[in-house]
Amino acid sequence: MKIIIAGAGEVGFHLSKLLSYESHDIILIDSDKDRLLYADSKLDIKTLQKDATSIKALKNANIDQTDLFIAVTSSETTNITACVISKKLGAKKTIARISNSEFTDNKEKINFSELGIDELISTEELATNEIKLLLENATFNETHEFEGGKLTMVAMILSNSAPFVGKTVMESAGIYAGINFMPVIIKRKNSSETIIPRGDTIFKVGDQVYFITLPEGVEELNGLSAVKNKPIKNVLILGGSKIGQKTARDLCGNNLNIKLIEYKKKRAIELAEELPNALVIYGDGRDVDLLEEENVSDMDAVVAVTGRSETNIMSCLVAQSKGVDRTIALVQNVDYFSLSKNIGIDTLINKKLLAANSIFRYIRKGDVVEMTILNDVNAEILEFQAHKKSKITKKPIKDLKFPRNAIIGGVIRNDTGLIALGDFKIQEGDKVVVCCVPNTISKVERFFN
């Protein structure tokens, strides 16, 4: 696939890095020479130092032969303009990164595809939605919904009190009446190995286990953790960024008690005017005295979304030392994910990974309609659309000779989620949630082509 990415910042570089691993023909465009030199030295891609809105530059990059044009510069206007021009010049699909939530809020009213933009991606909105989902399911340290929650991926660390510990997957299946969830990934404590579980796989203390679950299975899974999933009512947000602002506004709309701390006085005043239902405080979220003064120990959750990863991590650690049960930190460096479980923070989120999850479904074959890249795990969860001629519909799952390093976690049929076991036969029109390691994806795609 020929892909042009406009913008060599954090999101653009990360996308280029991920896509370059899969041997796509990638051109990275940016007007900043230093950014391109860095990308050129690290990645096996082509670079072009030009303005992404330059018609001449786009033509020189063979935009008319491009399968996907992705505009992720820091300028919303540039991204929209570049996508419109690229589509007019022959690009098959275009994606624009935007920051103004009015665009995504009015997608139903304004047909952006008519303008030349096939998809709008807001990293701020993606991060906000992730935070809200994590607060709704406080037992879990990662979540992702498929088809509005018909199926949900949740991840949790097994404590020594979990009833599954020491038992195989097959033995564990008998603990609950009915099957409302299925384990699809296990990552052992202090190990980099990613395990796609089978019937004889044994659960161990400290395992990070990823489940695909039906809505009714979420409460059942709460019983596997020593963490009490108490309702979140009082939330402290550190940082008045766009993510902090939108999170505060949305959570206030859910009748939660919100405090927001912002260290820039002017910004704090602006936020106080824009968020009348939240208590906005001017101060430094790393200040222990300030946190104590604001009764941080009474908070059900602390969400740190300042512009600095280190500040967010340290603020969450301070909050945990004061007895806060739930902490979420926004980080820029994906390498921090491997440290999160060791340093004690419940969940780290990263805008680059969230953006990649949204964009990657345009790159995958076999009618991928959704996907999520997991934090610090060598696996991906994808949602495929099954067609009449798809190989996946020909036999029951147990007879398909599905790749060993892949597993079918669930199926959405007629708007209803189903857990798919061995005797289950997938039908035309089913949306199938599959988990697999990256080097198996091409084998899985063949079952849906």
# chains A, B, ... in the order shown; residues from 1 in each chain; ligands from 1
call {"tool": "residues_around", "arguments": {"residues": "segment 385-395 of chain A", "least_positions_apart": "3", "cutoff": "7 Å", "atoms": "only C-alpha atoms", "output": "PDB file with N, CA and C atoms, in the first residue's frame"}}
result
ATOM      1  N   ASP A 367     -11.253  -6.592   5.194  1.00  0.00           N
ATOM      2  CA  ASP A 367     -12.386  -5.873   5.783  1.00  0.00           C
ATOM      3  C   ASP A 367     -12.276  -5.734   7.296  1.00  0.00           C
ATOM      4  N   VAL A 368     -11.133  -5.231   7.756  1.00  0.00           N
ATOM      5  CA  VAL A 368     -10.994  -4.900   9.166  1.00  0.00           C
ATOM      6  C   VAL A 368     -11.826  -3.658   9.446  1.00  0.00           C
ATOM      7  N   VAL A 369     -12.730  -3.741  10.410  1.00  0.00           N
ATOM      8  CA  VAL A 369     -13.576  -2.590  10.726  1.00  0.00           C
ATOM      9  C   VAL A 369     -13.176  -1.920  12.037  1.00  0.00           C
ATOM     10  N   ASP A 399     -12.649 -26.599  13.367  1.00  0.00           N
ATOM     11  CA  ASP A 399     -12.211 -27.298  12.157  1.00  0.00           C
ATOM     12  C   ASP A 399     -11.554 -26.384  11.133  1.00  0.00           C
ATOM     13  N   LEU A 400     -11.312 -25.128  11.479  1.00  0.00           N
ATOM     14  CA  LEU A 400     -10.805 -24.146  10.514  1.00  0.00           C
ATOM     15  C   LEU A 400      -9.291 -24.174  10.327  1.00  0.00           C
ATOM     16  N   LYS A 425     -20.124 -21.694  14.476  1.00  0.00           N
ATOM     17  CA  LYS A 425     -19.873 -21.482  13.052  1.00  0.00           C
ATOM     18  C   LYS A 425     -20.201 -20.041  12.692  1.00  0.00           C
ATOM     19  N   ILE A 426     -19.220 -19.343  12.165  1.00  0.00           N
ATOM     20  CA  ILE A 426     -19.370 -17.941  11.789  1.00  0.00           C
ATOM     21  C   ILE A 426     -20.174 -17.838  10.499  1.00  0.00           C
ATOM     22  N   GLN A 427     -21.042 -16.830  10.434  1.00  0.00           N
ATOM     23  CA  GLN A 427     -21.929 -16.651   9.293  1.00  0.00           C
ATOM     24  C   GLN A 427     -21.616 -15.354   8.541  1.00  0.00           C
ATOM     25  N   GLU A 428     -22.113 -15.293   7.323  1.00  0.00           N
ATOM     26  CA  GLU A 428     -21.999 -14.066   6.530  1.00  0.00           C
ATOM     27  C   GLU A 428     -22.611 -12.894   7.307  1.00  0.00           C
ATOM     28  N   GLY A 429     -21.903 -11.773   7.344  1.00  0.00           N
ATOM     29  CA  GLY A 429     -22.375 -10.590   8.047  1.00  0.00           C
ATOM     30  C   GLY A 429     -21.903 -10.478   9.476  1.00  0.00           C
ATOM     31  N   ASP A 430     -21.377 -11.568  10.034  1.00  0.00           N
ATOM     32  CA  ASP A 430     -20.848 -11.515  11.402  1.00  0.00           C
ATOM     33  C   ASP A 430     -19.637 -10.595  11.471  1.00  0.00           C
ATOM     34  N   LYS A 431     -19.511  -9.887  12.590  1.00  0.00           N
ATOM     35  CA  LYS A 431     -18.297  -9.136  12.883  1.00  0.00           C
ATOM     36  C   LYS A 431     -17.530  -9.938  13.925  1.00  0.00           C
ATOM     37  N   VAL A 432     -16.303 -10.286  13.584  1.00  0.00           N
ATOM     38  CA  VAL A 432     -15.531 -11.255  14.362  1.00  0.00           C
ATOM     39  C   VAL A 432     -14.340 -10.567  15.011  1.00  0.00           C
ATOM     40  N   PHE A 447      -8.456 -15.643   6.028  1.00  0.00           N
ATOM     41  CA  PHE A 447      -9.719 -16.267   6.372  1.00  0.00           C
ATOM     42  C   PHE A 447     -10.903 -15.341   6.107  1.00  0.00           C
ATOM     43  N   PHE A 448     -10.632 -14.052   5.898  1.00  0.00           N
ATOM     44  CA  PHE A 448     -11.714 -13.082   5.709  1.00  0.00           C
ATOM     45  C   PHE A 448     -11.717 -12.450   4.336  1.00  0.00           C
ATOM     46  N   ASN A 449     -10.721 -12.740   3.499  1.00  0.00           N
ATOM     47  CA  ASN A 449     -10.651 -12.156   2.166  1.00  0.00           C
ATOM     48  C   ASN A 449     -11.730 -12.733   1.249  1.00  0.00           C
TER      49      ASN A 449
END
call {"tool": "closest_atom_pairs", "arguments": {"of": "segment 305-329 of chain A", "to": "segment 262-265 of chain A", "cutoff": "12 Å", "atoms": "only C-alpha atoms", "output": "Markdown table"}}
result
| residue | atom | partner | partner_atom | distance |
| --- | --- | --- | --- | --- |
| A:Val305 | CA | A:Glu262 | CA | 10.2 |
| A:Thr306 | CA | A:Glu262 | CA | 8.5 |
| A:Gly307 | CA | A:Glu262 | CA | 11.1 |
| A:Thr311 | CA | A:Tyr263 | CA | 11.7 |
call {"tool": "write_last_selection", "arguments": {"atoms": "N, CA and C atoms", "output": "PDB file, in the first residue's frame"}}
result
ATOM      1  N   VAL A 305      -3.012  14.856  33.083  1.00  0.00           N
ATOM      2  CA  VAL A 305      -2.934  15.049  31.636  1.00  0.00           C
ATOM      3  C   VAL A 305      -2.249  16.370  31.299  1.00  0.00           C
ATOM      4  N   THR A 306      -1.192  16.702  32.039  1.00  0.00           N
ATOM      5  CA  THR A 306      -0.404  17.877  31.696  1.00  0.00           C
ATOM      6  C   THR A 306       0.414  17.566  30.446  1.00  0.00           C
ATOM      7  N   GLY A 307       1.162  18.530  29.955  1.00  0.00           N
ATOM      8  CA  GLY A 307       1.967  18.331  28.753  1.00  0.00           C
ATOM      9  C   GLY A 307       3.260  17.588  28.977  1.00  0.00           C
ATOM     10  N   THR A 311       5.776  14.738  34.786  1.00  0.00           N
ATOM     11  CA  THR A 311       4.893  15.399  35.742  1.00  0.00           C
ATOM     12  C   THR A 311       3.656  14.549  36.009  1.00  0.00           C
TER      13      THR A 311
END
call {"tool": "closest_residue", "arguments": {"among": "A:Thr168, A:Ser321, A:Ser23, A:Ser358", "to": "Glu119 of chain A", "atoms": "only C-alpha atoms"}}
result
A:Ser358
call {"tool": "select_by_dssp", "arguments": {"residues": "segment 122-324 of chain A", "states": "strand (DSSP E)", "output": "MDAnalysis selection string"}}
result
chainID A and resid 142:146 151:157 181:187 194:195 208:213 234:238 257:262 279:282 301:304
call {"tool": "residues_around", "arguments": {"residues": "segment 66-82 of chain A", "least_positions_apart": "2", "cutoff": "8 Å", "atoms": "only C-alpha atoms", "output": "PyMOL selection string"}}
result
chain A and resi 1-9+11-12+52-53+62-64+84-86+90-100+117+362
call {"tool": "residues_around", "arguments": {"residues": "Asp44 of chain A", "least_positions_apart": "5", "cutoff": "9 Å", "atoms": "only C-alpha atoms", "output": "list in words"}}
result
Lys17, Ser20, Tyr21, Ser23, Ile26 and Ala39 of chain A
call {"tool": "closest_residue", "arguments": {"among": "A:Ile110, A:Val303, A:Ala355, A:Ile381", "to": "Val154 of chain A", "atoms": "only C-alpha atoms"}}
result
A:Ile381
call {"tool": "residues_around", "arguments": {"residues": "Ile195 of chain A", "least_positions_apart": "4", "cutoff": "7 Å", "atoms": "only C-alpha atoms", "output": "PyMOL selection string"}}
result
chain A and resi 185-187
call {"tool": "closest_residue", "arguments": {"among": "A:Phe140, A:Lys351, A:Leu382, A:Ser442", "to": "Leu15 of chain A", "atoms": "only C-alpha atoms"}}
result
A:Lys351
call {"tool": "atom_distance", "arguments": {"atom1": "atom CA of Glu445 of chain A", "atom2": "atom CA of Glu147 of chain A"}}
result
20.0 Å
call {"tool": "residues_around", "arguments": {"residues": "Val434 of chain A", "least_positions_apart": "3", "cutoff": "12 Å", "atoms": "only C-alpha atoms", "output": "PDB file with C-alpha atoms, in the first residue's frame"}}
result
ATOM      1  CA  PHE A 146     -16.382  -3.000  19.951  1.00  0.00           C
ATOM      2  CA  LEU A 151     -18.226  -6.858  23.022  1.00  0.00           C
ATOM      3  CA  MET A 153     -11.852  -5.997  25.671  1.00  0.00           C
ATOM      4  CA  MET A 182     -12.981 -15.452  27.086  1.00  0.00           C
ATOM      5  CA  PRO A 183      -9.257 -14.910  27.783  1.00  0.00           C
ATOM      6  CA  VAL A 184      -7.420 -13.944  24.598  1.00  0.00           C
ATOM      7  CA  ILE A 185      -3.982 -12.811  25.827  1.00  0.00           C
ATOM      8  CA  ILE A 196      -2.333 -16.670  23.203  1.00  0.00           C
ATOM      9  CA  PHE A 211     -10.538 -10.844  28.081  1.00  0.00           C
ATOM     10  CA  ILE A 212     -13.198 -10.400  25.424  1.00  0.00           C
ATOM     11  CA  VAL A 368     -10.994  -4.900   9.166  1.00  0.00           C
ATOM     12  CA  VAL A 369     -13.576  -2.590  10.726  1.00  0.00           C
ATOM     13  CA  GLU A 370     -11.865  -1.975  14.077  1.00  0.00           C
ATOM     14  CA  MET A 371      -8.583  -2.663  15.808  1.00  0.00           C
ATOM     15  CA  THR A 372      -6.649  -1.851  18.949  1.00  0.00           C
ATOM     16  CA  ALA A 379      -0.422  -8.569  20.046  1.00  0.00           C
ATOM     17  CA  GLU A 380      -3.289  -6.787  18.345  1.00  0.00           C
ATOM     18  CA  ILE A 381      -7.058  -7.193  18.585  1.00  0.00           C
ATOM     19  CA  LEU A 382      -8.938  -6.749  15.330  1.00  0.00           C
ATOM     20  CA  GLU A 383     -12.580  -6.815  14.279  1.00  0.00           C
ATOM     21  CA  PHE A 384     -13.248  -8.340  10.858  1.00  0.00           C
ATOM     22  CA  GLN A 385     -16.368  -8.431   8.705  1.00  0.00           C
ATOM     23  CA  ALA A 386     -17.204 -11.926   7.450  1.00  0.00           C
ATOM     24  CA  ILE A 392     -13.993 -18.291   8.014  1.00  0.00           C
ATOM     25  CA  PHE A 402      -6.931 -21.223  12.545  1.00  0.00           C
ATOM     26  CA  PRO A 403      -3.340 -20.004  13.212  1.00  0.00           C
ATOM     27  CA  ASN A 405      -0.913 -17.619  17.541  1.00  0.00           C
ATOM     28  CA  ALA A 406      -4.418 -16.267  16.993  1.00  0.00           C
ATOM     29  CA  ILE A 407      -7.743 -16.730  18.746  1.00  0.00           C
ATOM     30  CA  ILE A 408     -11.358 -15.777  18.014  1.00  0.00           C
ATOM     31  CA  GLY A 409     -12.667 -14.019  21.103  1.00  0.00           C
ATOM     32  CA  GLY A 410     -16.225 -13.194  20.110  1.00  0.00           C
ATOM     33  CA  VAL A 411     -18.732 -12.451  17.371  1.00  0.00           C
ATOM     34  CA  ILE A 412     -21.295  -9.691  16.908  1.00  0.00           C
ATOM     35  CA  ILE A 419     -18.714 -15.681  22.811  1.00  0.00           C
ATOM     36  CA  ALA A 420     -17.476 -18.032  20.079  1.00  0.00           C
ATOM     37  CA  LYS A 431     -18.297  -9.136  12.883  1.00  0.00           C
ATOM     38  CA  VAL A 437       0.493 -11.638  17.367  1.00  0.00           C
ATOM     39  CA  PRO A 438       1.665  -9.273  14.583  1.00  0.00           C
ATOM     40  CA  THR A 440       0.230 -13.908  12.216  1.00  0.00           C
ATOM     41  CA  ILE A 441      -2.030 -11.114  10.977  1.00  0.00           C
ATOM     42  CA  LYS A 443      -2.546 -15.518   7.894  1.00  0.00           C
ATOM     43  CA  VAL A 444      -5.666 -14.409   9.756  1.00  0.00           C
ATOM     44  CA  GLU A 445      -6.594 -11.941   6.991  1.00  0.00           C
ATOM     45  CA  PHE A 447      -9.719 -16.267   6.372  1.00  0.00           C
ATOM     46  CA  PHE A 448     -11.714 -13.082   5.709  1.00  0.00           C
TER      47      PHE A 448
END
call {"tool": "decode", "arguments": {"residues": "segment 105-130 of chain A", "atoms": "N, CA and C atoms", "output": "mmCIF file, in the first residue's frame"}}
result
data_model
loop_
_atom_site.group_PDB
_atom_site.id
_atom_site.type_symbol
_atom_site.label_atom_id
_atom_site.label_comp_id
_atom_site.auth_asym_id
_atom_site.auth_seq_id
_atom_site.Cartn_x
_atom_site.Cartn_y
_atom_site.Cartn_z
ATOM 1 N N ASP A 105 -18.193 16.568 16.629
ATOM 2 C CA ASP A 105 -19.544 16.637 17.188
ATOM 3 C C ASP A 105 -20.604 16.820 16.105
ATOM 4 N N ASN A 106 -20.189 17.359 14.958
ATOM 5 C CA ASN A 106 -21.154 17.660 13.890
ATOM 6 C C ASN A 106 -20.917 16.833 12.628
ATOM 7 N N LYS A 107 -20.278 15.665 12.789
ATOM 8 C CA LYS A 107 -19.998 14.823 11.625
ATOM 9 C C LYS A 107 -21.278 14.371 10.918
ATOM 10 N N GLU A 108 -22.352 14.208 11.704
ATOM 11 C CA GLU A 108 -23.607 13.761 11.098
ATOM 12 C C GLU A 108 -24.240 14.872 10.264
ATOM 13 N N LYS A 109 -24.012 16.119 10.645
ATOM 14 C CA LYS A 109 -24.624 17.251 9.937
ATOM 15 C C LYS A 109 -23.804 17.677 8.728
ATOM 16 N N ILE A 110 -22.491 17.563 8.861
ATOM 17 C CA ILE A 110 -21.606 17.987 7.769
ATOM 18 C C ILE A 110 -20.973 16.752 7.143
ATOM 19 N N ASN A 111 -21.207 16.534 5.893
ATOM 20 C CA ASN A 111 -20.650 15.381 5.197
ATOM 21 C C ASN A 111 -19.221 15.715 4.753
ATOM 22 N N PHE A 112 -18.262 15.404 5.626
ATOM 23 C CA PHE A 112 -16.872 15.754 5.325
ATOM 24 C C PHE A 112 -16.318 14.966 4.147
ATOM 25 N N SER A 113 -16.877 13.794 3.872
ATOM 26 C CA SER A 113 -16.398 13.012 2.729
ATOM 27 C C SER A 113 -16.674 13.729 1.418
ATOM 28 N N GLU A 114 -17.749 14.508 1.388
ATOM 29 C CA GLU A 114 -18.033 15.304 0.185
ATOM 30 C C GLU A 114 -16.970 16.371 -0.037
ATOM 31 N N LEU A 115 -16.358 16.820 1.055
ATOM 32 C CA LEU A 115 -15.298 17.823 0.961
ATOM 33 C C LEU A 115 -13.961 17.200 0.584
ATOM 34 N N GLY A 116 -13.853 15.881 0.749
ATOM 35 C CA GLY A 116 -12.600 15.198 0.438
ATOM 36 C C GLY A 116 -11.907 14.600 1.640
ATOM 37 N N ILE A 117 -12.596 14.556 2.787
ATOM 38 C CA ILE A 117 -12.006 14.000 4.009
ATOM 39 C C ILE A 117 -12.814 12.777 4.419
ATOM 40 N N ASP A 118 -12.195 11.605 4.329
ATOM 41 C CA ASP A 118 -12.907 10.362 4.642
ATOM 42 C C ASP A 118 -13.057 10.126 6.139
ATOM 43 N N GLU A 119 -12.101 10.606 6.923
ATOM 44 C CA GLU A 119 -12.153 10.366 8.372
ATOM 45 C C GLU A 119 -11.476 11.504 9.121
ATOM 46 N N LEU A 120 -12.092 11.891 10.242
ATOM 47 C CA LEU A 120 -11.501 12.877 11.144
ATOM 48 C C LEU A 120 -11.019 12.158 12.391
ATOM 49 N N ILE A 121 -9.781 12.429 12.787
ATOM 50 C CA ILE A 121 -9.210 11.805 13.977
ATOM 51 C C ILE A 121 -8.825 12.899 14.966
ATOM 52 N N SER A 122 -9.409 12.859 16.145
ATOM 53 C CA SER A 122 -9.055 13.794 17.212
ATOM 54 C C SER A 122 -8.371 13.014 18.328
ATOM 55 N N THR A 123 -7.058 13.206 18.472
ATOM 56 C CA THR A 123 -6.343 12.484 19.523
ATOM 57 C C THR A 123 -6.835 12.905 20.903
ATOM 58 N N GLU A 124 -7.248 14.167 21.027
ATOM 59 C CA GLU A 124 -7.764 14.635 22.301
ATOM 60 C C GLU A 124 -9.080 13.928 22.651
ATOM 61 N N GLU A 125 -9.947 13.786 21.641
ATOM 62 C CA GLU A 125 -11.220 13.103 21.887
ATOM 63 C C GLU A 125 -11.011 11.617 22.175
ATOM 64 N N LEU A 126 -10.073 11.006 21.466
ATOM 65 C CA LEU A 126 -9.773 9.601 21.703
ATOM 66 C C LEU A 126 -9.268 9.388 23.127
ATOM 67 N N ALA A 127 -8.379 10.278 23.581
ATOM 68 C CA ALA A 127 -7.850 10.164 24.934
ATOM 69 C C ALA A 127 -8.939 10.381 25.973
ATOM 70 N N THR A 128 -9.808 11.367 25.728
ATOM 71 C CA THR A 128 -10.906 11.640 26.656
ATOM 72 C C THR A 128 -11.838 10.443 26.774
ATOM 73 N N ASN A 129 -12.192 9.845 25.635
ATOM 74 C CA ASN A 129 -13.076 8.682 25.652
ATOM 75 C C ASN A 129 -12.434 7.508 26.380
ATOM 76 N N GLU A 130 -11.125 7.355 26.192
ATOM 77 C CA GLU A 130 -10.405 6.281 26.886
ATOM 78 C C GLU A 130 -10.441 6.495 28.393
#
